[in-house]
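Participant: Sharing a structure, written as structure tokens. Questions coming.
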Protein chains: 2
Amino acid sequence: MARAATTADVFNAIAEPRRREIIGVLVDGKEWAVGDVVKLVRLPQPAVSKHLGVLRRVGVVTVVKRGQHRMYRLNGAELKPVHDWAKTFEKYWTHQISRIKERAEQKAVERIGSALPSEAPDSDK
Amino acid sequence: MARAATTADVFNAIAEPRRREIIGVLVDGKEWAVGDVVKLVRLPQPAVSKHLGVLRRVGVVTVVKRGQHRMYRLNGAELKPVHDWAKTFEKYWTHQISRIKERAEQKAVERIGSALPSEAPDSDK
DNA sequence: ACCATATATTCCCATATAAGAATATGTCAA
DNA sequence: TTGACATATTCTTATATGGGAATATATGGT
């Protein structure tokens with residue numbers, strides 16, 4: 001099986017940075033024509049249309065035809081699952097104790113890292 | 001350009017459902033041996049190792065060698081960016097008004113959906 | 001009818017999966 | 001050393017990208 005489709009769920013849809021960028025443009029809650037988004041994100045129009053298509057598929061944006069324009073609007077509620085999921089780990093950054101513990105663990109990892117050849121200074125892949 | 005690597009950032013890493021499942025197992029903050037994770041998520045060991053590898057690459061988990069086991073622990077702090085990002089859209093589900101507005105928009109979309117042939121009842125792709 | 005504008009769609013391609021199978025590596029114990 | 005156990009790595013394969021280029025499909029204006 002290959003990687004799940006970008007339209008499989010919200011998590012896959014927002015994995016793409018450009019898409020998060022576009023969502024960032026729409027965050028004001030107003031309607032946005034594709035062309036205006038294009039100007040802001042500096043991407044070719046077809047690319048933006050495709051990204052908006054993915055976001056529409058998962059329900060993160062909605063479209064309304066108006067004249068020759070298609071107005072996109074953010075449907076932020078669809079992002080709630082992401083927030084809820086991430087919120088589960090809040091304790092990891094809110095509790096001071098956790099931070100200290102993580103630091104200690106990080107050091108342990110680094111120690112092992114330098115000890116293991118297969119654990120090279122992460123030259124990334 | 002193809003899709004960004006799963007190890008490109010946290011957002012890409014957590015896009016995979018199995019990986020979120022594994023993270024869910026580690027959420028208790030304790031150390032987990034690969035074998036124990038395998039039992040819980042019902043996936044072949046190599047698959048789990050690979051997923052853990054991706055999570056380690058992005059820093060979401062840390063590893064410590066102990067005997068013949070490798071103990072993985074969640075480094076939840078790495079998920080904060082996801083939480084912060086999602087939090088940006090909180091207003092979309094906290095404000096009553098927003099909810100009403102979204103409902104209206106949703107209906108509009110459905111209307112268009114049935115009007116456009118290219119907008120079929122989303123038989124998914 | 002004709003043209004310009006706005007947006008979507010199609011085709012091609014390099015790339016990266018994720019799962020499965022098989023195998024390698026590492027470690028403990030007798 | 002040998003074997004059992006734990007985990008990682010390698011290979012293969014089907015599949016889905018995302019970008020670029022080209023083109024198609026509206027829609028409005030004259």
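Scheme for the structure tokens: letters A, B, ... for chains in order shown; per-chain residue numbers from 1; ligand numbers from 1 in order shown.
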Output as a list in words the set of chain B residues within 6 Å of chain A, with distances taken over only C-alpha atoms.
Facilitator: Phe11, Asn12, Ala15, Gly76, Ala77, His83, Ala86, Phe89, Tyr92 and Trp93 of chain B
Participant: Now that the selection is made, can you save its residues with N, CA and C atoms as a compact mmCIF listing (two decimals), in the first residue's frame?
Facilitator:
```txt
# COMPACT_ATOMS: atom_id res chain seq x y z
N PHE B 11 4.19 17.61 10.85
CA PHE B 11 2.90 17.53 10.17
C PHE B 11 2.86 16.34 9.21
N ASN B 12 3.93 16.14 8.48
CA ASN B 12 3.97 15.01 7.56
C ASN B 12 4.07 13.69 8.32
N ALA B 15 0.75 12.48 9.66
CA ALA B 15 -0.32 12.31 8.68
C ALA B 15 -0.72 10.84 8.59
N GLY B 76 6.53 14.45 23.51
CA GLY B 76 5.32 15.19 23.12
C GLY B 76 5.52 16.65 22.79
N ALA B 77 6.56 17.24 23.34
CA ALA B 77 6.79 18.66 23.09
C ALA B 77 6.91 18.97 21.60
N HIS B 83 -0.29 21.79 17.68
CA HIS B 83 -1.31 22.35 18.56
C HIS B 83 -1.43 23.86 18.35
N ALA B 86 -3.14 24.62 15.00
CA ALA B 86 -4.58 24.33 15.03
C ALA B 86 -5.31 25.33 15.91
N PHE B 89 -7.31 28.42 14.77
CA PHE B 89 -8.65 28.37 14.18
C PHE B 89 -9.72 28.10 15.22
N TYR B 92 -13.33 29.15 15.19
CA TYR B 92 -14.27 28.50 14.29
C TYR B 92 -15.18 27.48 14.98
N TRP B 93 -14.76 27.02 16.16
CA TRP B 93 -15.63 26.06 16.84
C TRP B 93 -16.00 26.50 18.26
```
Participant: Using 12 Å as the limit and counting only C-alpha atoms (C1' of nucleotides), can you tabulate each residue of region 43-96 of chain B that touches region 4-20 of chain C, with its shortest atom-to-atom distance in Å and the two atoms involved, as CSV?
Facilitator:
```
residue,atom,partner,partner_atom,distance
B:Leu43,CA,C:DA19,C1',10.1
B:Pro44,CA,C:DG20,C1',9.3
B:Gln45,CA,C:DG20,C1',11.4
B:Pro46,CA,C:DG20,C1',9.5
B:Ala47,CA,C:DA19,C1',7.5
B:Val48,CA,C:DA19,C1',11.1
B:Lys50,CA,C:DA18,C1',9.4
B:His51,CA,C:DA18,C1',9.6
B:Val54,CA,C:DT17,C1',11.9
```
Participant: Could you jot down the C1' of DC5 (chain D) to CA of Arg56 (chain B) separation for me, Å, one decimal place?
Facilitator: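 Rounded to one decimal, the two atoms are 23.7 Å apart.
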Participant: Taking only C-alpha atoms (C1' of nucleotides) into account, produce a table as a Markdown table in which each residue of chain A with an atom at most 8 Å from an atom of chain C appears once, together with its shortest atom pair and the distance in Å to one decimal, ordered by chain and rising number.
Facilitator:
```
| residue | atom | partner | partner_atom | distance |
| --- | --- | --- | --- | --- |
| A:Met1 | CA | C:DA18 | C1' | 5.2 |
| A:Ala2 | CA | C:DA18 | C1' | 5.0 |
| A:Arg3 | CA | C:DT17 | C1' | 5.2 |
| A:Val34 | CA | C:DT7 | C1' | 7.4 |
| A:Gly35 | CA | C:DA6 | C1' | 7.4 |
| A:Pro46 | CA | C:DA8 | C1' | 7.6 |
| A:Ser49 | CA | C:DA8 | C1' | 7.0 |
| A:Gln68 | CA | C:DA6 | C1' | 5.9 |
| A:His69 | CA | C:DA6 | C1' | 6.0 |
| A:Arg70 | CA | C:DT7 | C1' | 7.6 |
```
Participant: With a cut-off of 9 Å, could you pull out the residues of chain D touching chain B and give me the nearest pair of atoms for each, distance in Å to one decimal, using only C-alpha atoms (C1' of nucleotides), ordered by chain and ascending number, as CSV?
Facilitator:
```
residue,atom,partner,partner_atom,distance
D:DC5,C1',B:Gln68,CA,8.4
D:DA6,C1',B:Gln68,CA,5.9
D:DT7,C1',B:Ser49,CA,7.3
D:DA8,C1',B:Ser49,CA,7.0
D:DA16,C1',B:Arg3,CA,8.6
D:DT17,C1',B:Arg3,CA,5.2
D:DG18,C1',B:Ala2,CA,5.2
D:DG19,C1',B:Met1,CA,5.6
```
Participant: What does the file look like for those residues with N, CA, C and O atoms (P, O5', C5', C4', C3', O3' and C1' of nucleotides), as a PDB file, in the first residue's frame?
Facilitator:
```pdb
ATOM      1  P    DC D   5      12.484 -18.121  21.905  1.00  0.00           P
ATOM      2  O5'  DC D   5      12.760 -16.555  22.008  1.00  0.00           O
ATOM      3  C5'  DC D   5      13.421 -16.039  23.162  1.00  0.00           C
ATOM      4  C4'  DC D   5      13.863 -14.620  22.889  1.00  0.00           C
ATOM      5  C3'  DC D   5      12.790 -13.748  22.236  1.00  0.00           C
ATOM      6  O3'  DC D   5      12.596 -12.612  23.056  1.00  0.00           O
ATOM      7  C1'  DC D   5      14.868 -13.501  21.151  1.00  0.00           C
ATOM      8  P    DA D   6      11.448 -11.575  22.689  1.00  0.00           P
ATOM      9  O5'  DA D   6      12.300 -10.397  22.059  1.00  0.00           O
ATOM     10  C5'  DA D   6      13.279  -9.752  22.851  1.00  0.00           C
ATOM     11  C4'  DA D   6      13.817  -8.548  22.105  1.00  0.00           C
ATOM     12  C3'  DA D   6      12.740  -7.707  21.411  1.00  0.00           C
ATOM     13  O3'  DA D   6      13.012  -6.337  21.690  1.00  0.00           O
ATOM     14  C1'  DA D   6      14.369  -8.406  19.837  1.00  0.00           C
ATOM     15  P    DT D   7      11.994  -5.229  21.212  1.00  0.00           P
ATOM     16  O5'  DT D   7      12.710  -4.799  19.858  1.00  0.00           O
ATOM     17  C5'  DT D   7      14.058  -4.333  19.920  1.00  0.00           C
ATOM     18  C4'  DT D   7      14.613  -4.115  18.538  1.00  0.00           C
ATOM     19  C3'  DT D   7      13.769  -3.238  17.612  1.00  0.00           C
ATOM     20  O3'  DT D   7      14.467  -2.025  17.437  1.00  0.00           O
ATOM     21  C1'  DT D   7      14.745  -5.092  16.467  1.00  0.00           C
ATOM     22  P    DA D   8      13.986  -0.980  16.326  1.00  0.00           P
ATOM     23  O5'  DA D   8      14.960  -1.307  15.116  1.00  0.00           O
ATOM     24  C5'  DA D   8      16.352  -1.379  15.355  1.00  0.00           C
ATOM     25  C4'  DA D   8      17.104  -1.678  14.061  1.00  0.00           C
ATOM     26  C3'  DA D   8      16.789  -0.734  12.907  1.00  0.00           C
ATOM     27  O3'  DA D   8      18.012  -0.400  12.273  1.00  0.00           O
ATOM     28  C1'  DA D   8      16.370  -2.964  12.244  1.00  0.00           C
ATOM     29  P    DA D  16      -3.848   5.364  -5.592  1.00  0.00           P
ATOM     30  O5'  DA D  16      -3.306   6.767  -5.091  1.00  0.00           O
ATOM     31  C5'  DA D  16      -2.809   6.890  -3.764  1.00  0.00           C
ATOM     32  C4'  DA D  16      -1.834   8.042  -3.702  1.00  0.00           C
ATOM     33  C3'  DA D  16      -2.342   9.301  -4.415  1.00  0.00           C
ATOM     34  O3'  DA D  16      -2.191  10.407  -3.553  1.00  0.00           O
ATOM     35  C1'  DA D  16      -0.158   8.747  -5.126  1.00  0.00           C
ATOM     36  P    DT D  17      -3.055  11.655  -3.814  1.00  0.00           P
ATOM     37  O5'  DT D  17      -2.240  12.423  -4.937  1.00  0.00           O
ATOM     38  C5'  DT D  17      -1.608  13.631  -4.605  1.00  0.00           C
ATOM     39  C4'  DT D  17      -0.207  13.356  -4.125  1.00  0.00           C
ATOM     40  C3'  DT D  17       0.671  14.576  -4.295  1.00  0.00           C
ATOM     41  O3'  DT D  17       0.964  15.127  -3.049  1.00  0.00           O
ATOM     42  C1'  DT D  17       1.690  12.577  -5.194  1.00  0.00           C
ATOM     43  P    DG D  18       0.378  16.519  -2.808  1.00  0.00           P
ATOM     44  O5'  DG D  18       1.360  17.479  -3.627  1.00  0.00           O
ATOM     45  C5'  DG D  18       2.706  17.618  -3.220  1.00  0.00           C
ATOM     46  C4'  DG D  18       3.482  18.333  -4.314  1.00  0.00           C
ATOM     47  C3'  DG D  18       2.809  19.608  -4.812  1.00  0.00           C
ATOM     48  O3'  DG D  18       3.808  20.595  -4.957  1.00  0.00           O
ATOM     49  C1'  DG D  18       3.125  18.097  -6.617  1.00  0.00           C
ATOM     50  P    DG D  19       3.482  22.072  -5.243  1.00  0.00           P
ATOM     51  O5'  DG D  19       4.241  22.317  -6.626  1.00  0.00           O
ATOM     52  C5'  DG D  19       5.597  21.910  -6.733  1.00  0.00           C
ATOM     53  C4'  DG D  19       5.970  21.802  -8.192  1.00  0.00           C
ATOM     54  C3'  DG D  19       5.481  22.982  -9.031  1.00  0.00           C
ATOM     55  O3'  DG D  19       6.582  23.521  -9.744  1.00  0.00           O
ATOM     56  C1'  DG D  19       4.856  20.921 -10.030  1.00  0.00           C
TER      57       DG D  19
END
```
Participant: Please measure the separation of CA of Val41 (chain A) and CA of Val25 (chain A), giving the value in Å to one decimal.
Facilitator: 8.2 Å
